[in-house]
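So the structure is just underneath, and the comments pick up after that.
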Amino acid sequence: VPEIRREMRNFNCNDSRKAEVMKEIERRIREKYQKISTIDGIQVFFDNGWGLIRPSNTSPLIRLTIDDNPGAMEDFSSIIQETIGELDD
């Protein structure tokens, strides 16, 4: 059975700005990735795994989970950090 690697990160984001930040993250993700679902956050599907970006319902955070694609963790983290830096005071 192959080992599946799951990584998670949290990014601080004011509750009042989460919707705006998530909308901009989605726009930036769509520029780079094709297979996307927005049913529960922003989920991106890769040949060898998936990534999920979603706002926390209980904390001022945006959460990122990457399943079995370490390169995507850095790419998504950069997109999230840049967007929060630009839109969240």
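Ordering of the structure tokens sets the chain letters (A, B, ...); residue numbers start at 1 within each chain; ligands are numbered from 1 in the order shown.
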Shell around stretch 53-65 of chain A at 8 Å using only C-alpha atoms, local window under 6 positions removed, as a PyMOL selection string | chain A and resi 6-15+18+22+40-43+76-77
Just the strand (DSSP E) stuff from stretch 5-53 of chain A, please, per backbone DSSP, written as a list of chain:residue names.
-> A:Arg6, A:Glu7, A:Met8, A:Arg9, A:Asn10, A:Phe11, A:Asn12, A:Ile36, A:Ser37, A:Ile42, A:Gln43, A:Val44, A:Phe45, A:Phe46, A:Gly49, A:Trp50, A:Gly51, A:Leu52, A:Ile53
Report as an mmCIF file with C-alpha atoms, in the first residue's frame: the residues of chain A with a DSSP assignment of alpha helix (DSSP H), based on the backbone of this structure.
data_model
loop_
_atom_site.group_PDB
_atom_site.id
_atom_site.type_symbol
_atom_site.label_atom_id
_atom_site.label_comp_id
_atom_site.auth_asym_id
_atom_site.auth_seq_id
_atom_site.Cartn_x
_atom_site.Cartn_y
_atom_site.Cartn_z
ATOM 1 C CA LYS A 18 -12.220 35.994 4.625
ATOM 2 C CA ALA A 19 -14.878 36.077 1.878
ATOM 3 C CA GLU A 20 -12.969 38.678 -0.142
ATOM 4 C CA VAL A 21 -9.654 36.860 0.365
ATOM 5 C CA MET A 22 -11.161 33.497 -0.623
ATOM 6 C CA LYS A 23 -12.676 34.986 -3.779
ATOM 7 C CA GLU A 24 -9.287 36.367 -4.838
ATOM 8 C CA ILE A 25 -7.502 33.109 -3.957
ATOM 9 C CA GLU A 26 -9.999 31.261 -6.154
ATOM 10 C CA ARG A 27 -9.321 33.656 -9.045
ATOM 11 C CA ARG A 28 -5.566 33.102 -8.735
ATOM 12 C CA ILE A 29 -5.903 29.330 -8.391
ATOM 13 C CA ARG A 30 -8.083 29.172 -11.521
ATOM 14 C CA GLU A 31 -5.308 30.897 -13.496
ATOM 15 C CA LYS A 32 -2.964 27.966 -12.772
ATOM 16 C CA PRO A 70 4.444 18.440 -1.690
ATOM 17 C CA GLY A 71 5.159 20.859 -4.559
ATOM 18 C CA ALA A 72 1.601 22.139 -4.436
ATOM 19 C CA MET A 73 1.988 23.026 -0.733
ATOM 20 C CA GLU A 74 4.565 25.699 -1.526
ATOM 21 C CA ASP A 75 2.657 27.012 -4.537
ATOM 22 C CA PHE A 76 -0.655 27.263 -2.670
ATOM 23 C CA SER A 77 1.027 28.724 0.422
ATOM 24 C CA SER A 78 2.550 31.488 -1.706
ATOM 25 C CA ILE A 79 -0.790 32.291 -3.330
ATOM 26 C CA ILE A 80 -2.562 32.414 0.050
ATOM 27 C CA GLN A 81 0.138 34.486 1.782
ATOM 28 C CA GLU A 82 0.357 36.987 -1.080
ATOM 29 C CA THR A 83 -3.416 37.394 -1.245
ATOM 30 C CA ILE A 84 -3.804 37.841 2.516
ATOM 31 C CA GLY A 85 -0.903 40.312 2.515
ATOM 32 C CA GLU A 86 -2.558 42.383 -0.198
ATOM 33 C CA LEU A 87 -6.168 42.282 1.052
#
Name the residues in contact with A:Asn48 at a cut-off of 9 Å, using only C-alpha atoms, excluding same-chain residues fewer than 6 positions from it; report them as a VMD selection string.
-> chain A and resid 67 to 69
Atom CA of A:Gly51 to atom CA of A:Ser16: how many Å, to one decimal?
-> 24.1 Å
